[in-house]
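In what follows, a single structure is set out as structure tokens and then discussed.
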Amino acid sequence: MIPIAFDYVRPTTIPEAVAALVASGEDGKILAGGQSLMPVLRLRMAAPSVVIDCSEIADLQGVRDDGNSIVIGAGTTHHDVMNSPIVKEHSPLLAMATATVADPAIRHRGTLGGALAHADPAGDLPAVALALDGVLSVTGPNGSRDIAAADFFTDYFTTSMAEDEILVSVTLPKLGAGWGYHYEKFQRTAQGWAIVGVAAAVHRSNGNITAARIGLTNMAPSPVRASSVETALSGADATVKAVGDAAASAADGTRATSDLHAAADYREHLARVITKRAVLTAGGI
Amino acid sequence: MTDTLPDKLETLSPMGRPLRRKEDARLLHGQTNWTDNIQLPGTVYMAILRSPMAHARITHLDVTPALSEPHVVAAYSAKELGDLNGAVPCVWPVTDDMQAPAFPALAVDKVRHVGDCVAVVLATDRNAAYDALDAIEIDYDQLPAVIDLESALQPGATLVHDGADSPGTNECYTYHLPGTGIPYDEAKTKADVVVKRRFINQRLIPAFMEPRAVVASPMGVSNEMTVWSSTQIPHILRVLLALVTGLPENSLRIIAPDVGGGFGGKLQIYREEILAVQIARQLGRPVKWTETRSENMVATHHGRGQVQDIEIAATKNGKLLGMKVNLLADMGAYLQIITPGTPLLGMFMYPGIYKMDAYDFNCIGVFTNKTPTDAYRGAGRPESTYAMERIMDELAAELNMDPMELRKKNWINHEDFPYATIAGLVYDTGNYEAATDKAMEMFDYDSLRAEQQRRRASGDPVQLGIGISTFTEMCGLAPSRTLGALKYVAGGWEHCTIRMLPTGKVELITGTSPHGQGHETAWSQIAADILGVGVDDIEVIHSDTGRAPYGMDTYGSRSLAVGGQAIKKAAERLIEKARVIAAHQLECSVDDLEYVGGAFRVKGDAEKAQPLAAVAFEAFSAHNLPDGVEPTLQAESTVDPQDFSYPHGTHLAAVEVDTETGKTTLRTYVCVDDVGVQVNPMIVEGQVHGGLAQGIAQAMYEGVEYDEDGNLLTASLADYLVPSAADLPSFTTSTTETPSTTNPLGTKGVGEAGTIASTPAIINAIVDALRPMGVTDVQMPASPQRVWRTLQEAKGGNA
């Protein structure tokens with residue numbers, strides 16, 4: 001590792017972390033698990049004056065049941081998230097998607113909050129937070145505020161957090177009974193980034209699909225809801241045909257980009273195929 | 001399987017046993033020295049300013065601002081380095097009129113690929129050296145980049161090398177090998193079917209795990225310049241560094257500590273090695289450089305990179321008549337150690353295991369503004385095998401014949417050996433029938449074909465494809481006379497010295513240079529078998545020209561086939577010397593002695609015996625040696641191989657292709673390799689597994705991509721996809737054993753077999769799955785997107 005020199009602080013409380021961030025001006029960078037930041041530092045693609053390591057802040061850790069929702073500390077590792085009994089019971093979609101993130105070594109270091117705040121368009125977890133109508137709690141020098149996932153991800157690697165705010169926790173509502181879930185990830189290698197990912201939650205009743213929530217990974221600069229598919233599925237027959245028809249609009253409203261692994265038109269095609277598969281699996285069809 | 005095996009089987013011959021590798025404990029526990037671990041007092045760290053452009057004139061370059069940066073000791077461009085700016089040598093001028101442009105360690109006036117070395121900074125702190133690179137002033141005048149091989153040869157194309165001595169073309173050389181039979185055009189007149197294809201054998205990056213590293217220290221004993229380098233070729237490097245730097249060869253000591261992979265990528269003398277030595281010499285202090293992964297992608301030589309036009313002529317019954325091959329081989333920007341010769345290592349192998357009447361081979365080497373190419377696992381032979389095995393499937397489809405039946409019709413039968421091939425080689429032995437029968441049975445070929453029919457009939461979106469690859473390769477580089485005839489400047493011999501020390505321990509000094517192959521274990525097994533000592537009583541000394549001065553190093557599946565012969569001969573010579581001493585001690589004739597179980601025994605008198613260790617002590621004390629026998633118990637051998645060896649095998653792959661997404665899943669892989677006599681079957685199996693992974697990687701995952709300006713797009717491991725175990729199925733591997741007759745151990749070579757055979761097996765399988773939909777080829781790597789587009793084009797009638 002050959003980064004440009006930087007200062008390093010390791011606060012143990014959220015206010016200390018915020019203070020360090022404010023003190024750094026616009027040059028500070030939060031280190032959570034480091035799985036995205038370290039490569040960027042190593043490649044000299046970023047040169048923060050100070051790295052604020054938040055891995056020792058106890059208040060950022062852990063998962064708790066909050067009645068109608070669950071609250072996950074931003075610093076909770078992927079490994080702890082996917083193995084949390086609370087997450088597995090009340091937000092299995094998050095557990096499923098987290099299990100597809102990279103490899104075990106990275107999942108032991110990387111954190112949910114880090115992944116969301118980094119806002120990589122190919123990251124798996126933003127689409128899940130969006131599909132589940134998650135709420136992200138942030139804290140800055142002027143206090144705390146809640147941001148709906150739909151308002152949080154604004155562009156490539158960009159969120160609506162201010163430069164001096166840090167992500168504290170993620171709240172996911174419990175969807176209740178009758179829902180099925182699946183995260184379908186299409187990638188080139190087992191540890192690779194998603195070319196396209198589909199986070200699907202499907203509610204069934206009496207042979208029909210009564211509601212669906214679908215988040216798409218890597219189909220735009222930030223995660224998008226496949227709203228027209230959700231609308232088409234609402235009240236649709238729980239059949240392969242009906243799901244296929246609904247999924248045909250999965251790429252509508254997306255802004256897929258082209259890269260080495262997939263051109264935009266191929267991504268759009270994949271979005272339709274993968275959405276169909278994700279919904280069928282989530283709905284047990 | 002290996003868990004239940006004993007570590008030592010001292011009462012049995014150790015040959016052919018799957019002993020655990022001696023070297024693994026220190027490697028797995030991190031108790032070894034990689035080059036980057038070596039820390040010498042007074043070291044300065046080298047950082048390299050590399051060209052961000054593929055082709056540009058340097059209009060301004062000033063390194064002096066870097067000298068004011070913290071911790072900086074020195075900075076050099078070509079101007080400051082002057083006469084010390086040695087040139088990277090090419091030792092294989094394949095033709096008399098080959099264009100061989102100079103390749104100075106630091107670029108002079110012009111850069112020719114992204115990653116070309118422009119300047120260096122030396123600092124007492126590694127990070128500071130990298131920081132100071134930013135202070136160097138440099139301006140470029142960008143030139144058009146030469147990327148496409150065919151365009152590069154057009155008249156008026158931009159020249160990669162346009163100096164005063166340039167011949168005015170990007171052509172490096174043209175090589176023609178006529179076959180030993182009738183002219184191809186004559187054979188073609190009798191053909192009912194002629195199949196012609198163009199295959200792209202894409203560039204690959206060796207991507208070994210340990211990046212390159214070098215430490216050059218002028219602080220050795222006497223006048224020694226000690227160079228630690230993560231290299232496959234310490235011995236060759238010593239000769240070449242002496243020639244390049246002008247340092248006396250006898251003051252250069254090269255040490256390759258444990259080396260973490262090479263795959264041919266470290267069969268090289270690199271400019272960074274030359275720079276480290278020259279600057280260490282200039283500064284009088286150790287210089288250290290360790291490659292970053294980003295540098296590795298642009299600055300370690302690449303492999304493959306060929307456009308293959310291949311034409312095959314046959315009768316309607318499937319009898320091969322002849323083959324014609326026209327290659328364009330991408331040299332990259334400069335010639336490195338064997339850049340021009342690498343594609344030619346395949347020219348003898350296009351005919352593979354088949355009989356035919358005519359063969360014609362042409363290759364044009366082409367300069368481009370890309371990283372130089374050179375040897376990569378298989379070096380020429382994976383390319384030839386790919387083209388041949390692919391076109392055999394295309395011919396089978398054309399003839400509506402089962403692809404295995406077509407192969408059986410044309411291969412050399414086991415009773416035909418030794419067999420003189422149309423390319424001019426003599427294959428000593430082989431049994432393609434036996435290996436194929438075994439593989440077909442393990443694979444359950446017939447039931448997979450039945451499943452394939454069912455899926456085709458039902459229109460299953462996931463189609464099944466079956467891929468075949470049969471192959472042979474030439475191993476055991478190489479008879480020195482043959483190398484001379486091919487204009488390669490060095491020989492192909494190998495050396496071994498064996499010493500039994502006074503305490504009975506054995507030093508086996510080999511000229512091979514392992515970087516993952518397990519030579520310490522395998523060489524011990526060969527020697528222990530002859531010496532009658534324990535495998536663990538032998539220490540294999542290698543890869544240090546100070547301790548193992550003679551050798552030709554490790555590449556091309558040569559180490560066992562050639563080095564093994566030297567081990568056997570040296571061990572036998574040691575026993576013969578010991579026999580003379582033992583006869584003297586036991587007061588008998590040498591003819592009365594037999595050597596059994598580690599001791600000389602007088603025939604017919606069980607009481608009279610002397611263990612080898614006792615003889616070794618006698619040879620050391622020298623109190624009572626027979627007249628004319630010199631003290632010490634050691635023997636050596638340097639062997640020049642009489643011929644190549646020819647491993648072969650039959651590889652079968654079953655893939656599932658998701659026609660909706662284009663994604664291929666490798667379901668089953670079965671291979672039966674015949675690598676001759678096996679010293680350690682566990683090591684053989686490991687070599688096959690690793691080879692398969694790399695060959696499958698070329699088929700499905702890896703491929704270097706440049707844009708039209710010559711920027712490397714696959715410049716990180718996030719974009720250059722090296723598969724892991726999680727992407728691969730459990731391989732089913734087995735062997736047949738047809739001993740080679742070209743060496744006394746009967747061994748052949750296994751390091752490259754899996755890589756050579758597996759690539760066409762996979763692509764044949766994918767094409768087989770999609771052939772009913774009109775697909776006749778899929779370019780590598782067969783990424784989901786590429787397979788999907790190929791299918792769309794076939795459906796649209798554009799295929």
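Ordering of the structure tokens sets the chain letters (A, B, ...), residue numbers begin anew at 1 in every chain, and ligands are numbered from 1 in the order given.
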Within 12 Å of chain B: each chain A residue with its shortest pair, only C-alpha atoms, as a tab-separated table:
```
residue	atom	partner	partner_atom	distance
A:Met1	CA	B:Thr292	CA	8.1
A:Ile2	CA	B:Asn127	CA	5.7
A:Pro3	CA	B:Asn127	CA	7.3
A:Ile4	CA	B:Asp131	CA	6.9
A:Ala5	CA	B:Asn127	CA	8.2
A:Phe6	CA	B:Asn127	CA	11.8
A:Pro39	CA	B:Ser716	CA	10.8
A:Arg42	CA	B:Thr292	CA	9.7
A:Leu43	CA	B:Ser294	CA	8.1
A:Arg44	CA	B:Asp131	CA	10.1
A:Ala47	CA	B:Asp131	CA	11.7
A:Ala102	CA	B:Ala718	CA	11.3
A:Asp103	CA	B:Ala726	CA	9.8
A:Pro104	CA	B:Ala726	CA	11.8
A:Phe186	CA	B:Lys663	CA	9.1
A:Gln187	CA	B:Pro784	CA	9.2
A:Arg188	CA	B:Ser783	CA	7.6
A:Thr189	CA	B:Asp727	CA	6.2
A:Ala190	CA	B:Asp727	CA	5.8
A:Gln191	CA	B:Ala726	CA	8.3
A:Gly192	CA	B:Ala718	CA	7.4
A:Trp193	CA	B:Ala718	CA	8.3
A:Ala194	CA	B:Ala718	CA	11.6
A:Ile195	CA	B:Gln785	CA	10.4
A:Val196	CA	B:Thr661	CA	11.3
A:Ser258	CA	B:Gln785	CA	11.6
A:Asp259	CA	B:Asp719	CA	9.7
A:Leu260	CA	B:Asp719	CA	7.4
A:His261	CA	B:Gln785	CA	7.3
A:Ala262	CA	B:Gln785	CA	6.3
A:Ala263	CA	B:Gln785	CA	8.2
A:Ala264	CA	B:Gln785	CA	10.8
A:Asp265	CA	B:Gln785	CA	10.1
A:Tyr266	CA	B:Gln785	CA	6.8
A:Arg267	CA	B:Gln785	CA	9.0
A:Glu268	CA	B:Thr661	CA	11.1
A:His269	CA	B:Thr661	CA	8.1
A:Leu270	CA	B:Thr661	CA	6.5
A:Ala271	CA	B:Thr661	CA	10.0
A:Arg272	CA	B:Glu660	CA	10.1
A:Val273	CA	B:Glu660	CA	7.1
A:Ile274	CA	B:Thr661	CA	8.7
A:Lys276	CA	B:Glu660	CA	11.4
A:Arg277	CA	B:Glu660	CA	11.1
```
Atoms kept (C-alpha atoms) for selection, written as a PDB file, in the first residue's frame:
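Result file is selection.pdb:
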```
ATOM      1  CA  MET A   1       0.000   0.000   0.000  1.00  0.00           C
ATOM      2  CA  ILE A   2       1.450   3.283  -1.098  1.00  0.00           C
ATOM      3  CA  PRO A   3      -1.044   6.013  -0.184  1.00  0.00           C
ATOM      4  CA  ILE A   4      -0.339   9.698   0.027  1.00  0.00           C
ATOM      5  CA  ALA A   5       0.381  10.637   3.660  1.00  0.00           C
ATOM      6  CA  PHE A   6      -2.642  11.332   5.858  1.00  0.00           C
ATOM      7  CA  PRO A  39      -8.145   0.549  -2.443  1.00  0.00           C
ATOM      8  CA  ARG A  42      -3.740   2.740  -2.238  1.00  0.00           C
ATOM      9  CA  LEU A  43      -4.350   3.733  -5.823  1.00  0.00           C
ATOM     10  CA  ARG A  44      -3.930   7.408  -4.844  1.00  0.00           C
ATOM     11  CA  ALA A  47      -5.919  12.003  -0.742  1.00  0.00           C
ATOM     12  CA  ALA A 102     -17.756 -10.145  -2.119  1.00  0.00           C
ATOM     13  CA  ASP A 103     -16.178 -12.913  -0.027  1.00  0.00           C
ATOM     14  CA  PRO A 104     -16.029 -13.910   3.657  1.00  0.00           C
ATOM     15  CA  PHE A 186     -25.748 -11.454 -11.852  1.00  0.00           C
ATOM     16  CA  GLN A 187     -21.985 -11.284 -11.790  1.00  0.00           C
ATOM     17  CA  ARG A 188     -18.963 -12.513 -13.727  1.00  0.00           C
ATOM     18  CA  THR A 189     -17.062 -14.132 -10.849  1.00  0.00           C
ATOM     19  CA  ALA A 190     -18.163 -15.353  -7.456  1.00  0.00           C
ATOM     20  CA  GLN A 191     -16.672 -12.376  -5.630  1.00  0.00           C
ATOM     21  CA  GLY A 192     -17.401  -9.885  -8.367  1.00  0.00           C
ATOM     22  CA  TRP A 193     -19.557  -6.795  -8.358  1.00  0.00           C
ATOM     23  CA  ALA A 194     -23.125  -7.088  -9.591  1.00  0.00           C
ATOM     24  CA  ILE A 195     -23.540  -6.420 -13.293  1.00  0.00           C
ATOM     25  CA  VAL A 196     -27.210  -6.273 -12.386  1.00  0.00           C
ATOM     26  CA  SER A 258     -21.919   0.657 -20.367  1.00  0.00           C
ATOM     27  CA  ASP A 259     -18.659  -0.722 -19.052  1.00  0.00           C
ATOM     28  CA  LEU A 260     -16.182  -3.467 -19.816  1.00  0.00           C
ATOM     29  CA  HIS A 261     -18.486  -6.226 -18.635  1.00  0.00           C
ATOM     30  CA  ALA A 262     -21.845  -5.102 -19.977  1.00  0.00           C
ATOM     31  CA  ALA A 263     -23.193  -2.547 -22.404  1.00  0.00           C
ATOM     32  CA  ALA A 264     -26.332  -0.657 -21.485  1.00  0.00           C
ATOM     33  CA  ASP A 265     -28.623  -2.669 -23.767  1.00  0.00           C
ATOM     34  CA  TYR A 266     -27.365  -5.946 -22.325  1.00  0.00           C
ATOM     35  CA  ARG A 267     -27.893  -4.601 -18.807  1.00  0.00           C
ATOM     36  CA  GLU A 268     -31.457  -3.668 -19.703  1.00  0.00           C
ATOM     37  CA  HIS A 269     -32.040  -7.150 -21.060  1.00  0.00           C
ATOM     38  CA  LEU A 270     -30.561  -8.669 -17.919  1.00  0.00           C
ATOM     39  CA  ALA A 271     -32.736  -6.457 -15.730  1.00  0.00           C
ATOM     40  CA  ARG A 272     -35.830  -7.959 -17.331  1.00  0.00           C
ATOM     41  CA  VAL A 273     -34.601 -11.548 -17.077  1.00  0.00           C
ATOM     42  CA  ILE A 274     -33.236 -11.197 -13.564  1.00  0.00           C
ATOM     43  CA  LYS A 276     -38.499 -12.144 -13.504  1.00  0.00           C
ATOM     44  CA  ARG A 277     -36.340 -14.712 -11.766  1.00  0.00           C
TER      45      ARG A 277
END
```
If you count only C-alpha atoms, which residues fall within 12 Å of B:Ala478, apart from same-chain ones fewer than 6 positions away, as a PyMOL selection string? chain B and resi 345+484-486+488+490-494+552-563+639-645+742-743
Using only C-alpha atoms: which of A:Ser249, A:Ser36, A:Asn142, A:Thr154 has the shortest distance to A:Val18: A:Asn142
For B:His584: contacts at 12 Å, only C-alpha atoms, fewer than 2 positions along chain excluded, given as a PDB file with C-alpha atoms, in the first residue's frame:
```pdb
ATOM      1  CA  LYS B 577      32.254 -43.654  -5.961  1.00  0.00           C
ATOM      2  CA  ALA B 578      30.990 -44.869  -2.597  1.00  0.00           C
ATOM      3  CA  ARG B 579      31.119 -48.442  -3.864  1.00  0.00           C
ATOM      4  CA  VAL B 580      34.856 -48.160  -4.464  1.00  0.00           C
ATOM      5  CA  ILE B 581      35.422 -46.828  -0.948  1.00  0.00           C
ATOM      6  CA  ALA B 582      33.122 -49.434   0.599  1.00  0.00           C
ATOM      7  CA  LEU B 586      35.108 -54.278   3.407  1.00  0.00           C
ATOM      8  CA  GLU B 587      38.191 -55.724   1.719  1.00  0.00           C
ATOM      9  CA  CYS B 588      36.386 -57.089  -1.279  1.00  0.00           C
ATOM     10  CA  SER B 589      36.019 -56.409  -4.948  1.00  0.00           C
ATOM     11  CA  VAL B 590      33.481 -53.788  -6.067  1.00  0.00           C
ATOM     12  CA  ASP B 591      31.815 -56.560  -8.007  1.00  0.00           C
ATOM     13  CA  ASP B 592      31.167 -58.461  -4.786  1.00  0.00           C
ATOM     14  CA  LEU B 593      29.036 -55.615  -3.439  1.00  0.00           C
ATOM     15  CA  PHE B 600      26.718 -51.859   0.605  1.00  0.00           C
ATOM     16  CA  VAL B 602      28.908 -58.299   0.421  1.00  0.00           C
ATOM     17  CA  ALA B 609      27.973 -54.445   5.165  1.00  0.00           C
ATOM     18  CA  GLN B 610      28.663 -50.744   5.301  1.00  0.00           C
ATOM     19  CA  VAL B 615      31.239 -44.404   3.635  1.00  0.00           C
ATOM     20  CA  GLU B 618      35.323 -42.277   5.545  1.00  0.00           C
ATOM     21  CA  ALA B 619      35.372 -40.043   2.512  1.00  0.00           C
ATOM     22  CA  ASN B 624      41.897 -44.890   4.768  1.00  0.00           C
ATOM     23  CA  LEU B 625      40.827 -44.290   1.205  1.00  0.00           C
ATOM     24  CA  PRO B 626      41.889 -46.522  -1.665  1.00  0.00           C
ATOM     25  CA  ASP B 627      44.736 -45.223  -3.786  1.00  0.00           C
ATOM     26  CA  GLY B 628      43.646 -42.688  -6.366  1.00  0.00           C
ATOM     27  CA  VAL B 629      40.292 -41.942  -4.704  1.00  0.00           C
TER      28      VAL B 629
END
```
Which value, in Å to one decimal, gives the distance between atom CA of A:Ser228 and atom CA of A:His118?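 Value for the atom CA of A:Ser228-atom CA of A:His118 distance: 27.4 Å.
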Just want the 7 Å neighbourhood of stretch 156-167 of chain A, counted on only C-alpha atoms, with same-chain residues fewer than 3 positions away dropped. Output as a ChimeraX atom specification. /A:18,21-22,26,74,113,117-121,137-140,152-153,221-222
Generate a file of the selected residues that holds N, CA and C atoms, formatted as a PDB file, in the first residue's frame.
```
ATOM      1  N   VAL A  18     -17.819  13.228  14.760  1.00  0.00           N
ATOM      2  CA  VAL A  18     -18.351  14.416  14.067  1.00  0.00           C
ATOM      3  C   VAL A  18     -17.389  15.591  14.239  1.00  0.00           C
ATOM      4  N   LEU A  21     -14.544  15.236  11.978  1.00  0.00           N
ATOM      5  CA  LEU A  21     -14.954  15.486  10.595  1.00  0.00           C
ATOM      6  C   LEU A  21     -15.054  16.991  10.341  1.00  0.00           C
ATOM      7  N   VAL A  22     -15.664  17.697  11.300  1.00  0.00           N
ATOM      8  CA  VAL A  22     -15.791  19.155  11.168  1.00  0.00           C
ATOM      9  C   VAL A  22     -14.400  19.794  11.137  1.00  0.00           C
ATOM     10  N   GLU A  26     -13.134  19.993   4.556  1.00  0.00           N
ATOM     11  CA  GLU A  26     -13.771  19.081   3.612  1.00  0.00           C
ATOM     12  C   GLU A  26     -12.833  17.951   3.231  1.00  0.00           C
ATOM     13  N   ALA A  74     -24.636   1.506  11.842  1.00  0.00           N
ATOM     14  CA  ALA A  74     -23.949   1.658  10.553  1.00  0.00           C
ATOM     15  C   ALA A  74     -22.629   0.886  10.515  1.00  0.00           C
ATOM     16  N   GLY A 113     -23.234   0.248   6.921  1.00  0.00           N
ATOM     17  CA  GLY A 113     -23.245   1.703   6.788  1.00  0.00           C
ATOM     18  C   GLY A 113     -22.205   2.189   5.795  1.00  0.00           C
ATOM     19  N   ALA A 117     -23.135   4.421   2.603  1.00  0.00           N
ATOM     20  CA  ALA A 117     -22.589   5.773   2.490  1.00  0.00           C
ATOM     21  C   ALA A 117     -21.668   5.892   1.272  1.00  0.00           C
ATOM     22  N   HIS A 118     -21.005   4.782   0.897  1.00  0.00           N
ATOM     23  CA  HIS A 118     -20.120   4.803  -0.264  1.00  0.00           C
ATOM     24  C   HIS A 118     -20.939   4.940  -1.560  1.00  0.00           C
ATOM     25  N   ALA A 119     -22.151   4.374  -1.543  1.00  0.00           N
ATOM     26  CA  ALA A 119     -23.111   4.540  -2.647  1.00  0.00           C
ATOM     27  C   ALA A 119     -22.544   4.124  -3.996  1.00  0.00           C
ATOM     28  N   ASP A 120     -21.859   2.997  -4.003  1.00  0.00           N
ATOM     29  CA  ASP A 120     -21.372   2.446  -5.279  1.00  0.00           C
ATOM     30  C   ASP A 120     -22.586   1.953  -6.062  1.00  0.00           C
ATOM     31  N   PRO A 121     -22.725   2.373  -7.317  1.00  0.00           N
ATOM     32  CA  PRO A 121     -23.901   1.917  -8.079  1.00  0.00           C
ATOM     33  C   PRO A 121     -23.951   0.405  -8.229  1.00  0.00           C
ATOM     34  N   SER A 137     -30.318   7.205   9.354  1.00  0.00           N
ATOM     35  CA  SER A 137     -30.152   8.258  10.358  1.00  0.00           C
ATOM     36  C   SER A 137     -28.727   8.764  10.318  1.00  0.00           C
ATOM     37  N   VAL A 138     -28.590  10.096  10.196  1.00  0.00           N
ATOM     38  CA  VAL A 138     -27.261  10.691  10.114  1.00  0.00           C
ATOM     39  C   VAL A 138     -27.110  11.735  11.216  1.00  0.00           C
ATOM     40  N   THR A 139     -25.868  11.970  11.603  1.00  0.00           N
ATOM     41  CA  THR A 139     -25.602  12.960  12.651  1.00  0.00           C
ATOM     42  C   THR A 139     -24.495  13.893  12.180  1.00  0.00           C
ATOM     43  N   GLY A 140     -24.700  15.167  12.451  1.00  0.00           N
ATOM     44  CA  GLY A 140     -23.691  16.161  12.112  1.00  0.00           C
ATOM     45  C   GLY A 140     -23.596  17.197  13.219  1.00  0.00           C
ATOM     46  N   PHE A 152     -31.790   9.362  -0.274  1.00  0.00           N
ATOM     47  CA  PHE A 152     -30.403   9.283   0.213  1.00  0.00           C
ATOM     48  C   PHE A 152     -29.398   9.156  -0.929  1.00  0.00           C
ATOM     49  N   PHE A 153     -29.708   8.273  -1.874  1.00  0.00           N
ATOM     50  CA  PHE A 153     -28.752   8.000  -2.956  1.00  0.00           C
ATOM     51  C   PHE A 153     -29.042   8.964  -4.104  1.00  0.00           C
ATOM     52  N   PRO A 221     -27.077   5.499 -12.004  1.00  0.00           N
ATOM     53  CA  PRO A 221     -26.014   5.988 -11.115  1.00  0.00           C
ATOM     54  C   PRO A 221     -26.289   5.682  -9.649  1.00  0.00           C
ATOM     55  N   SER A 222     -27.561   5.511  -9.291  1.00  0.00           N
ATOM     56  CA  SER A 222     -27.899   5.077  -7.936  1.00  0.00           C
ATOM     57  C   SER A 222     -29.035   4.062  -8.053  1.00  0.00           C
TER      58      SER A 222
END
```
Please, what distance in Å, to one decimal, runs between atom CA of A:Ile86 and atom CA of A:Gln61? 14.1 Å
DSSP helix (DSSP H, G or I) residues within stretch 301-384 of chain B, as a ChimeraX atom specification: /B:343-346,381-384
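Atom CA of B:Ile567 is found 9.3 Å from atom CA of B:Ser524.
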Give me the residues within 6 Å of B:Asn680 as a list in words, counting only C-alpha atoms and dropping any in the same chain fewer than 2 places off. Gly16, Arg17, Pro18, Gln678, Met682 and Ile683 of chain B
Using C-alpha atoms, can you write the selected residues to a file as an mmCIF file, in the first residue's frame?
```
data_model
loop_
_atom_site.group_PDB
_atom_site.id
_atom_site.type_symbol
_atom_site.label_atom_id
_atom_site.label_comp_id
_atom_site.auth_asym_id
_atom_site.auth_seq_id
_atom_site.Cartn_x
_atom_site.Cartn_y
_atom_site.Cartn_z
ATOM 1 C CA GLY B 16 5.533 -42.578 -7.253
ATOM 2 C CA ARG B 17 4.211 -41.754 -3.807
ATOM 3 C CA PRO B 18 1.984 -38.769 -3.038
ATOM 4 C CA GLN B 678 4.977 -39.818 -12.006
ATOM 5 C CA MET B 682 -0.183 -35.459 -5.614
ATOM 6 C CA ILE B 683 2.029 -32.809 -7.196
#
```
With only C-alpha atoms as the basis for distance, which of B:Leu240, B:Ile756, B:Ile498, B:Ile274 is at the shortest distance from B:Glu473? B:Ile756
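Of the listed residues B:Met442, B:Ala379, B:Ile254, B:Ala132, the one whose atoms come nearest to B:Met225 is B:Ile254, with distances taken using only C-alpha atoms.
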Env of A:Ile214: 7 Å cut, atoms = only C-alpha atoms, seq-sep filter 3 positions within chain, self excluded. Answer as a list in words.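 Here the qualifying residues turn out to be Ala131, Val198, Ala199, Ala200, Ala201, Arg225, Ala226 and Glu230 of chain A.
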Members of stretch 471-688 of chain B assigned strand (DSSP E) by DSSP, as a VMD selection string: chain B and resid 471 to 472 494 to 500 506 to 510 538 to 541 593 to 596 599 to 602 605 to 611 633 to 639 648 to 658 664 to 674
May I have the residues within 9 Å of A:Met82 as a PyMOL selection string, using only C-alpha atoms and disregarding those fewer than 6 positions away in the same chain? chain A and resi 88+92+94-99
